[in-house]
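This is data_17.cif (mmCIF, C-alpha atoms and all ligand atoms).
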data_my_file
#
loop_
_atom_site.group_PDB
_atom_site.id
_atom_site.type_symbol
_atom_site.label_atom_id
_atom_site.label_comp_id
_atom_site.auth_asym_id
_atom_site.auth_seq_id
_atom_site.Cartn_x
_atom_site.Cartn_y
_atom_site.Cartn_z
ATOM 1 C CA MET A 1 -2.848 -0.690 15.896
ATOM 2 C CA PHE A 2 0.674 -1.409 14.685
ATOM 3 C CA ILE A 3 3.202 -0.956 17.516
ATOM 4 C CA GLU A 4 6.513 0.561 16.512
ATOM 5 C CA SER A 5 8.281 0.273 19.887
ATOM 6 C CA THR A 6 10.555 -2.616 18.900
ATOM 7 C CA ILE A 7 11.535 -1.289 15.479
ATOM 8 C CA GLY A 8 13.112 1.731 13.797
ATOM 9 C CA LYS A 9 16.295 1.949 15.831
ATOM 10 C CA SER A 10 18.418 5.067 15.418
ATOM 11 C CA ARG A 11 21.160 5.101 12.778
ATOM 12 C CA ASN A 12 24.036 4.322 15.172
ATOM 13 C CA GLN A 13 22.431 1.208 16.615
ATOM 14 C CA GLU A 14 22.624 -2.121 14.876
ATOM 15 C CA ARG A 15 19.608 -2.492 12.605
ATOM 16 C CA LYS A 16 17.741 -5.647 11.778
ATOM 17 C CA GLY A 17 15.802 -5.438 8.544
ATOM 18 C CA HIS A 18 12.224 -6.549 8.233
ATOM 19 C CA ILE A 19 9.107 -6.249 6.062
ATOM 20 C CA GLU A 20 5.822 -4.598 7.083
ATOM 21 C CA VAL A 21 2.716 -4.892 4.886
ATOM 22 C CA ILE A 22 -0.310 -2.596 5.119
ATOM 23 C CA CYS A 23 -3.223 -4.093 3.175
ATOM 24 C CA GLY A 24 -6.960 -3.676 2.711
ATOM 25 C CA SER A 25 -9.562 -2.447 0.252
ATOM 26 C CA MET A 26 -9.618 0.892 -1.499
ATOM 27 C CA PHE A 27 -10.311 3.859 0.847
ATOM 28 C CA SER A 28 -9.274 1.796 3.891
ATOM 29 C CA GLY A 29 -6.432 4.143 4.872
ATOM 30 C CA LYS A 30 -3.441 2.186 3.520
ATOM 31 C CA THR A 31 -1.714 5.272 2.118
ATOM 32 C CA GLU A 32 -2.529 7.355 5.213
ATOM 33 C CA GLU A 33 -0.953 4.689 7.416
ATOM 34 C CA LEU A 34 2.080 4.396 5.128
ATOM 35 C CA ILE A 35 2.578 8.176 5.231
ATOM 36 C CA ARG A 36 2.143 8.198 9.019
ATOM 37 C CA ARG A 37 4.879 5.588 9.500
ATOM 38 C CA LEU A 38 7.229 7.284 7.038
ATOM 39 C CA ASN A 39 6.758 10.705 8.632
ATOM 40 C CA ARG A 40 7.644 9.232 12.018
ATOM 41 C CA ALA A 41 10.810 7.750 10.500
ATOM 42 C CA PHE A 42 11.685 11.226 9.159
ATOM 43 C CA ILE A 43 11.151 12.662 12.655
ATOM 44 C CA ALA A 44 13.527 9.991 14.000
ATOM 45 C CA LYS A 45 16.091 11.355 11.491
ATOM 46 C CA GLN A 46 16.209 8.104 9.592
ATOM 47 C CA LYS A 47 17.035 8.112 5.919
ATOM 48 C CA VAL A 48 13.832 7.328 4.052
ATOM 49 C CA GLU A 49 13.239 6.482 0.375
ATOM 50 C CA ILE A 50 9.709 6.195 -1.028
ATOM 51 C CA PHE A 51 8.612 4.542 -4.269
ATOM 52 C CA LYS A 52 5.475 3.869 -6.230
ATOM 53 C CA PRO A 53 4.830 2.140 -9.583
ATOM 54 C CA SER A 54 5.014 4.667 -12.408
ATOM 55 C CA ILE A 55 1.620 3.440 -13.692
ATOM 56 C CA ASP A 56 -0.074 5.159 -10.715
ATOM 57 C CA LYS A 57 -0.561 8.753 -11.857
ATOM 58 C CA ARG A 58 -4.066 9.280 -10.419
ATOM 59 C CA TYR A 59 -3.409 12.189 -8.078
ATOM 60 C CA HIS A 60 0.185 13.156 -8.857
ATOM 61 C CA ASP A 61 3.011 12.111 -11.182
ATOM 62 C CA THR A 62 5.503 11.593 -8.384
ATOM 63 C CA ASP A 63 3.981 12.108 -4.914
ATOM 64 C CA VAL A 64 2.194 9.370 -3.010
ATOM 65 C CA VAL A 65 -1.195 10.961 -2.243
ATOM 66 C CA SER A 66 -4.020 9.603 -0.058
ATOM 67 C CA HIS A 67 -7.744 10.000 -0.816
ATOM 68 C CA ASN A 68 -7.893 12.708 1.853
ATOM 69 C CA ASP A 69 -4.992 14.645 0.317
ATOM 70 C CA ASN A 70 -2.079 13.673 2.565
ATOM 71 C CA ALA A 71 1.011 13.583 0.387
ATOM 72 C CA ILE A 72 4.646 12.590 0.564
ATOM 73 C CA ARG A 73 7.296 12.815 -2.134
ATOM 74 C CA SER A 74 8.203 9.607 -3.907
ATOM 75 C CA THR A 75 10.126 8.205 -6.851
ATOM 76 C CA PRO A 76 8.002 6.464 -9.502
ATOM 77 C CA VAL A 77 9.626 3.293 -10.834
ATOM 78 C CA GLN A 78 8.687 1.080 -13.755
ATOM 79 C CA PHE A 79 10.301 -2.133 -12.528
ATOM 80 C CA ALA A 80 10.514 -3.520 -9.009
ATOM 81 C CA ASP A 81 14.228 -4.274 -9.440
ATOM 82 C CA ASP A 82 14.979 -0.565 -9.935
ATOM 83 C CA ILE A 83 14.210 -0.044 -6.253
ATOM 84 C CA ILE A 84 17.277 -1.973 -5.046
ATOM 85 C CA LEU A 85 19.748 0.489 -6.592
ATOM 86 C CA LEU A 86 17.653 3.578 -5.914
ATOM 87 C CA ALA A 87 17.204 2.714 -2.231
ATOM 88 C CA GLY A 88 20.991 3.163 -1.727
ATOM 89 C CA ASP A 89 22.028 3.296 1.906
ATOM 90 C CA CYS A 90 18.675 4.402 3.336
ATOM 91 C CA ASP A 91 17.258 3.023 6.580
ATOM 92 C CA VAL A 92 13.598 2.827 5.577
ATOM 93 C CA VAL A 93 11.982 2.000 2.231
ATOM 94 C CA GLY A 94 8.277 2.793 1.687
ATOM 95 C CA ILE A 95 6.401 1.510 -1.357
ATOM 96 C CA ASP A 96 2.760 2.322 -2.180
ATOM 97 C CA GLU A 97 0.413 0.479 -4.594
ATOM 98 C CA VAL A 98 2.587 -2.664 -4.467
ATOM 99 C CA GLN A 99 -0.156 -4.685 -6.183
ATOM 100 C CA PHE A 100 0.905 -3.078 -9.482
ATOM 101 C CA PHE A 101 4.387 -4.628 -9.427
ATOM 102 C CA ASP A 102 5.077 -8.119 -10.717
ATOM 103 C CA ASN A 103 6.335 -10.939 -8.477
ATOM 104 C CA ARG A 104 9.902 -9.558 -8.547
ATOM 105 C CA ILE A 105 8.766 -7.196 -5.791
ATOM 106 C CA VAL A 106 8.882 -10.171 -3.384
ATOM 107 C CA HIS A 107 12.575 -10.725 -4.161
ATOM 108 C CA VAL A 108 13.245 -6.991 -3.963
ATOM 109 C CA ALA A 109 11.532 -6.646 -0.562
ATOM 110 C CA ASN A 110 13.555 -9.592 0.771
ATOM 111 C CA VAL A 111 16.865 -8.215 -0.578
ATOM 112 C CA LEU A 112 16.190 -4.835 1.029
ATOM 113 C CA ALA A 113 15.136 -6.322 4.373
ATOM 114 C CA ASN A 114 18.072 -8.771 4.358
ATOM 115 C CA SER A 115 20.429 -5.811 3.974
ATOM 116 C CA GLY A 116 19.090 -4.291 7.206
ATOM 117 C CA LYS A 117 16.369 -1.970 5.925
ATOM 118 C CA ARG A 118 12.876 -1.477 7.295
ATOM 119 C CA VAL A 119 10.618 -2.119 4.299
ATOM 120 C CA ILE A 120 7.024 -0.817 4.484
ATOM 121 C CA LEU A 121 4.680 -1.908 1.690
ATOM 122 C CA ALA A 122 1.083 -0.769 1.131
ATOM 123 C CA GLY A 123 -1.352 -2.255 -1.359
ATOM 124 C CA LEU A 124 -4.652 -3.853 -2.218
ATOM 125 C CA ASP A 125 -5.059 -7.421 -0.990
ATOM 126 C CA MET A 126 -8.053 -8.143 -3.281
ATOM 127 C CA ASP A 127 -9.066 -7.081 -6.770
ATOM 128 C CA PHE A 128 -12.530 -5.903 -7.868
ATOM 129 C CA GLU A 129 -13.707 -9.531 -8.089
ATOM 130 C CA GLY A 130 -12.670 -10.325 -4.535
ATOM 131 C CA ASN A 131 -9.697 -12.432 -5.649
ATOM 132 C CA PRO A 132 -6.240 -12.077 -4.087
ATOM 133 C CA PHE A 133 -4.298 -9.365 -5.925
ATOM 134 C CA GLU A 134 -0.906 -10.821 -6.902
ATOM 135 C CA PRO A 135 1.807 -10.325 -5.665
ATOM 136 C CA MET A 136 0.191 -9.361 -2.344
ATOM 137 C CA PRO A 137 -0.316 -12.964 -1.097
ATOM 138 C CA GLN A 138 3.444 -13.618 -1.427
ATOM 139 C CA LEU A 139 4.296 -10.344 0.298
ATOM 140 C CA LEU A 140 1.935 -11.144 3.166
ATOM 141 C CA ALA A 141 3.694 -14.506 3.537
ATOM 142 C CA VAL A 142 7.216 -13.079 3.802
ATOM 143 C CA ALA A 143 6.349 -10.043 5.961
ATOM 144 C CA GLU A 144 7.192 -9.965 9.667
ATOM 145 C CA TYR A 145 4.344 -7.505 10.379
ATOM 146 C CA VAL A 146 0.947 -7.352 8.668
ATOM 147 C CA THR A 147 -1.697 -4.678 9.216
ATOM 148 C CA LYS A 148 -5.124 -5.008 7.583
ATOM 149 C CA VAL A 149 -7.075 -1.766 7.571
ATOM 150 C CA HIS A 150 -10.766 -1.346 6.737
ATOM 151 C CA ALA A 151 -12.862 1.218 4.932
ATOM 152 C CA ILE A 152 -16.532 2.004 5.606
ATOM 153 C CA CYS A 153 -19.088 0.171 3.453
ATOM 154 C CA MET A 154 -20.805 2.706 1.210
ATOM 155 C CA LYS A 155 -24.013 0.640 1.304
ATOM 156 C CA CYS A 156 -24.527 -0.136 4.994
ATOM 157 C CA GLY A 157 -21.843 1.646 7.041
ATOM 158 C CA ASP A 158 -20.249 -1.568 8.301
ATOM 159 C CA LEU A 159 -16.509 -2.234 7.985
ATOM 160 C CA ALA A 160 -15.508 -2.842 4.365
ATOM 161 C CA SER A 161 -12.852 -5.231 3.005
ATOM 162 C CA TYR A 162 -13.874 -5.233 -0.660
ATOM 163 C CA SER A 163 -13.449 -2.775 -3.548
ATOM 164 C CA PHE A 164 -16.591 -2.828 -5.684
ATOM 165 C CA ARG A 165 -16.130 -1.666 -9.297
ATOM 166 C CA LEU A 166 -18.965 0.594 -10.404
ATOM 167 C CA VAL A 167 -18.182 0.408 -14.130
ATOM 168 C CA ASN A 168 -18.532 -2.643 -16.368
ATOM 169 C CA ILE A 169 -14.881 -3.203 -17.321
ATOM 170 C CA LYS A 170 -13.383 -6.662 -16.856
ATOM 171 C CA GLU A 171 -9.640 -5.889 -17.069
ATOM 172 C CA LYS A 172 -7.905 -6.386 -13.783
ATOM 173 C CA VAL A 173 -6.088 -3.050 -13.813
ATOM 174 C CA VAL A 174 -8.382 -0.030 -14.098
ATOM 175 C CA LEU A 175 -7.088 3.060 -12.294
ATOM 176 C CA GLY A 176 -9.757 5.077 -10.560
ATOM 177 C CA GLU A 177 -11.220 6.670 -7.492
ATOM 178 C CA LYS A 178 -14.743 7.281 -6.198
ATOM 179 C CA GLU A 179 -16.326 7.441 -9.637
ATOM 180 C CA THR A 180 -15.045 3.928 -10.429
ATOM 181 C CA TYR A 181 -14.953 2.062 -7.107
ATOM 182 C CA GLU A 182 -16.648 2.000 -3.738
ATOM 183 C CA ALA A 183 -15.753 0.217 -0.524
ATOM 184 C CA ARG A 184 -18.173 -2.523 0.524
ATOM 185 C CA CYS A 185 -18.548 -5.126 3.268
ATOM 186 C CA ARG A 186 -18.743 -8.830 2.330
ATOM 187 C CA LYS A 187 -22.569 -8.887 2.360
ATOM 188 C CA CYS A 188 -23.038 -5.779 0.217
ATOM 189 C CA PHE A 189 -20.210 -6.837 -2.133
ATOM 190 C CA THR A 190 -21.549 -10.328 -2.804
ATOM 191 C CA GLU A 191 -25.246 -9.513 -3.171
ATOM 192 C CA LYS A 192 -24.486 -7.418 -6.266
ATOM 193 C CA LEU A 193 -22.320 -10.043 -8.000
HETATM 194 N N1 LIG B 1 -15.717 4.420 2.217
HETATM 195 C C1 LIG B 1 -14.716 5.024 2.869
HETATM 196 N N2 LIG B 1 -14.279 4.530 4.037
HETATM 197 C C2 LIG B 1 -13.277 5.135 4.711
HETATM 198 N N3 LIG B 1 -12.631 6.253 4.284
HETATM 199 C C3 LIG B 1 -13.011 6.776 3.117
HETATM 200 C C4 LIG B 1 -14.077 6.209 2.355
HETATM 201 N N4 LIG B 1 -14.245 6.963 1.246
HETATM 202 C C5 LIG B 1 -13.322 7.943 1.300
HETATM 203 N N5 LIG B 1 -12.570 7.845 2.416
HETATM 204 C C6 LIG B 1 -11.424 8.707 2.720
HETATM 205 O O1 LIG B 1 -10.271 7.994 2.347
HETATM 206 C C7 LIG B 1 -9.249 8.216 3.316
HETATM 207 C C8 LIG B 1 -8.232 7.093 3.238
HETATM 208 O O2 LIG B 1 -7.500 7.289 2.035
HETATM 209 P P1 LIG B 1 -6.237 6.426 1.662
HETATM 210 O O3 LIG B 1 -5.269 6.365 2.807
HETATM 211 O O4 LIG B 1 -5.729 6.993 0.360
HETATM 212 O O5 LIG B 1 -6.865 4.981 1.434
HETATM 213 P P2 LIG B 1 -6.304 3.767 0.577
HETATM 214 O O6 LIG B 1 -4.838 4.003 0.317
HETATM 215 O O7 LIG B 1 -6.533 2.551 1.433
HETATM 216 O O8 LIG B 1 -7.120 3.731 -0.676
HETATM 217 C C9 LIG B 1 -10.017 8.309 4.626
HETATM 218 O O9 LIG B 1 -9.303 9.005 5.621
HETATM 219 C C10 LIG B 1 -11.265 9.068 4.197
HETATM 220 O O10 LIG B 1 -11.040 10.459 4.256
HETATM 221 C C1 LIG B 2 -9.912 -3.096 -6.892
HETATM 222 C C2 LIG B 2 -9.018 -2.663 -8.014
HETATM 223 C C3 LIG B 2 -8.400 -1.428 -7.980
HETATM 224 N N1 LIG B 2 -7.598 -1.037 -8.996
HETATM 225 C C4 LIG B 2 -6.932 0.272 -8.952
HETATM 226 C C5 LIG B 2 -7.820 1.435 -8.627
HETATM 227 C C6 LIG B 2 -6.860 2.407 -7.959
HETATM 228 O O1 LIG B 2 -6.227 3.159 -9.007
HETATM 229 C C7 LIG B 2 -5.831 1.500 -7.288
HETATM 230 C C8 LIG B 2 -6.055 1.316 -5.794
HETATM 231 O O2 LIG B 2 -5.798 2.507 -5.117
HETATM 232 P P1 LIG B 2 -6.041 2.708 -3.535
HETATM 233 O O3 LIG B 2 -4.890 3.579 -3.129
HETATM 234 O O4 LIG B 2 -6.011 1.371 -2.877
HETATM 235 O O5 LIG B 2 -7.339 3.395 -3.365
HETATM 236 O O6 LIG B 2 -5.973 0.231 -7.918
HETATM 237 C C9 LIG B 2 -7.369 -1.879 -10.056
HETATM 238 O O7 LIG B 2 -6.613 -1.544 -10.994
HETATM 239 N N2 LIG B 2 -7.974 -3.103 -10.104
HETATM 240 C C10 LIG B 2 -8.783 -3.534 -9.101
HETATM 241 O O8 LIG B 2 -9.310 -4.678 -9.187
HETATM 242 ZN ZN ZN B 3 -22.280 -3.311 3.638
#

Before we go any further, please render this structure as structure tokens.
Ligand SMILES: Nc1ncnc2c1ncn2[C@@H]1O[C@H](COP(=O)(O)OP(=O)(O)O)[C@@H](O)[C@H]1O
Ligand SMILES: Cc1cn([C@H]2C[C@H](O)[C@@H](COP(=O)(O)O)O2)c(=O)[nH]c1=O
Ligand SMILES: [Zn+2]
Amino acid sequence: MFIESTIGKSRNQERKGHIEVICGSMFSGKTEELIRRLNRAFIAKQKVEIFKPSIDKRYHDTDVVSHNDNAIRSTPVQFADDIILLAGDCDVVGIDEVQFFDNRIVHVANVLANSGKRVILAGLDMDFEGNPFEPMPQLLAVAEYVTKVHAICMKCGDLASYSFRLVNIKEKVVLGEKETYEARCRKCFTEKL
């Protein structure tokens, strides 16, 4: 469990920026955990700005929505660099589906954290082939705090780290939910490859 006791100081105290990454497979609870942290920042009366890539319109045009229907308002952005201006003077920046941004998101996360903001990023660490999903490896490298969450394997009930694609499409980016992907453990993921 991620411990927040040393972070998220109130607005009047001196703030040190940092980067948190929440990663894992599909259905592992990344968005739930992002929403949980952001809601606690709201409760602490911190100024929070939330973004997602505009490509992600699965559940809602603007809101960040989890697979179990938790939602939080967000601003969709096309380019990672847009986030720097839009974040303004906020204390906390949350970004979901970071795997859909290009490598500029690494620079953007560093700029925001260097200016004193708490930056919380959630995204897939692996694609449907089990390869690292760029730019997540770079974000994991620059983050101060990394949380890997796990889904439940739909084949055997073990912990799952992989997102198995159920349809025969080879492009890396294919938006979808349960009809297109299922969470699997390493054994169940690899035996079907
Ligand atoms: N195979 C699964 N393992 C765990 N949770 C699942 C699974 N399939 C559906 N869910 C649901 O997905 C929710 C997590 O959704 P979400 O936070 O959107 O995940 P992520 O952002 O990692 O895709 C869980 O609380 C649960 O209700
Ligand atoms: C594995 C994989 C996933 N995607 C897409 C499918 C979903 O639209 C998102 C992941 O959403 P979640 O909040 O993590 O459930 O990414 C993809 O485009 N390519 C892939 O390889
Ligand atoms: Zn399994």

Next on the checklist: Show me, as a ChimeraX atom specification, the residues that have an atom within 10 Å of A:Ala87 when counting all atoms listed in the file, minus same-chain residues fewer than 2 positions from it.
Outcome noted: /A:47-51,82-85,89-94,112,117

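With all atoms listed in the file as the atoms that count, the minimum distance from ligand LIG 1 (chain B) to the choices A:Gly130, A:Pro76, A:Gly157, A:Pro137 is reached by A:Gly157.
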
At a cut-off of 9 Å around ligand LIG 1 (chain B), and using all atoms listed in the file, what residues come up? Please write them as a short mmCIF file (atom, residue, chain, number, x, y, z; two decimals) with C-alpha atoms, in the frame of the given file.
data_model
loop_
_atom_site.label_atom_id
_atom_site.label_comp_id
_atom_site.auth_asym_id
_atom_site.auth_seq_id
_atom_site.Cartn_x
_atom_site.Cartn_y
_atom_site.Cartn_z
CA ILE A 22 -0.31 -2.60 5.12
CA CYS A 23 -3.22 -4.09 3.18
CA GLY A 24 -6.96 -3.68 2.71
CA SER A 25 -9.56 -2.45 0.25
CA MET A 26 -9.62 0.89 -1.50
CA PHE A 27 -10.31 3.86 0.85
CA SER A 28 -9.27 1.80 3.89
CA GLY A 29 -6.43 4.14 4.87
CA LYS A 30 -3.44 2.19 3.52
CA THR A 31 -1.71 5.27 2.12
CA GLU A 32 -2.53 7.36 5.21
CA GLU A 33 -0.95 4.69 7.42
CA LEU A 34 2.08 4.40 5.13
CA ILE A 35 2.58 8.18 5.23
CA VAL A 64 2.19 9.37 -3.01
CA VAL A 65 -1.20 10.96 -2.24
CA SER A 66 -4.02 9.60 -0.06
CA HIS A 67 -7.74 10.00 -0.82
CA ASN A 68 -7.89 12.71 1.85
CA ASP A 69 -4.99 14.64 0.32
CA ASN A 70 -2.08 13.67 2.56
CA ASP A 96 2.76 2.32 -2.18
CA GLU A 97 0.41 0.48 -4.59
CA ALA A 122 1.08 -0.77 1.13
CA GLY A 123 -1.35 -2.26 -1.36
CA LEU A 124 -4.65 -3.85 -2.22
CA VAL A 149 -7.08 -1.77 7.57
CA HIS A 150 -10.77 -1.35 6.74
CA ALA A 151 -12.86 1.22 4.93
CA ILE A 152 -16.53 2.00 5.61
CA CYS A 153 -19.09 0.17 3.45
CA MET A 154 -20.80 2.71 1.21
CA GLY A 157 -21.84 1.65 7.04
CA LEU A 159 -16.51 -2.23 7.98
CA ALA A 160 -15.51 -2.84 4.36
CA GLU A 177 -11.22 6.67 -7.49
CA LYS A 178 -14.74 7.28 -6.20
CA GLU A 182 -16.65 2.00 -3.74
CA ALA A 183 -15.75 0.22 -0.52
CA ARG A 184 -18.17 -2.52 0.52
#

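The interatomic distance for the pair atom CA of A:Asp56 and atom C10 of ligand LIG 2 (chain B) works out to 12.4 Å.
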
Checklist outcome for this item: Students should find that atom CA of A:Ile72 and atom CA of A:Cys185 are spaced 29.3 Å

Next on the checklist: On this structure, the PyMOL selection byres (((not hetatm)) within 6 of (chain B and resi 2)) would catch which residues? List them as a ChimeraX atom specification, sorted by chain and number.
Outcome noted: /A:26-27,124,127-128,163,172-176

Checklist entry - Written as a ChimeraX atom specification, what is the full residue list that the PyMOL selection byres (((chain A and resi 106) around 9) and not hetatm) yields on the file shown? => result /A:80,102-105,107-111,135-136,138-139,142

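Our summary of the geometry notes that atom CA of A:Val146 is positioned 9.6 Å from atom CA of A:Leu121.
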
Would you pick out the contacts of A:Ile19 at 6 Å or less, using all atoms listed in the file, so that residues sharing its chain but fewer than 3 positions from it are not included, and give the list as a compact mmCIF listing (two decimals) with C-alpha atoms, in the coordinates of the input?
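Here's the written file result.txt:
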# COMPACT_ATOMS: atom_id res chain seq x y z
CA VAL A 119 10.62 -2.12 4.30
CA ALA A 143 6.35 -10.04 5.96
CA GLU A 144 7.19 -9.96 9.67

Checklist outcome for this item: In terms of all atoms listed in the file, the residue from A:Asp158, A:Asp81, A:Glu129, A:Glu134 at minimal distance from ligand ZN 3 (chain B) is A:Asp158

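Considering the residues A:Phe133, A:Tyr59, A:Phe189, A:Phe79 and counting all atoms listed in the file, ligand ZN 3 (chain B) has its shortest atom-to-atom contact with A:Phe189.
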
Please report, as JSON, the centre and edge lengths in Å to one decimal of an axis-aligned box covering all listed atoms of stretch 123-129 of chain A with 8 Å per side.
{"center_x": -7.5, "center_y": -5.9, "center_z": -4.5, "size_x": 28.4, "size_y": 23.3, "size_z": 23.1}

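Of the residues listed (A:Cys156, A:Thr180, A:Asp61, A:Tyr162), A:Cys156 shows the shortest atom-to-atom separation from ligand ZN 3 (chain B); distances use all atoms listed in the file.
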
Checklist outcome for this item: Closest of A:Tyr181, A:Ser161, A:Lys57, A:Lys45 to ligand ZN 3 (chain B), counting all atoms listed in the file, is A:Ser161

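When only C-alpha atoms and all ligand atoms are used to compute distances to ligand ZN 3 (chain B), the closest of the residues A:Thr147, A:Gly17, A:Phe164, A:Ile169 turns out to be A:Phe164.
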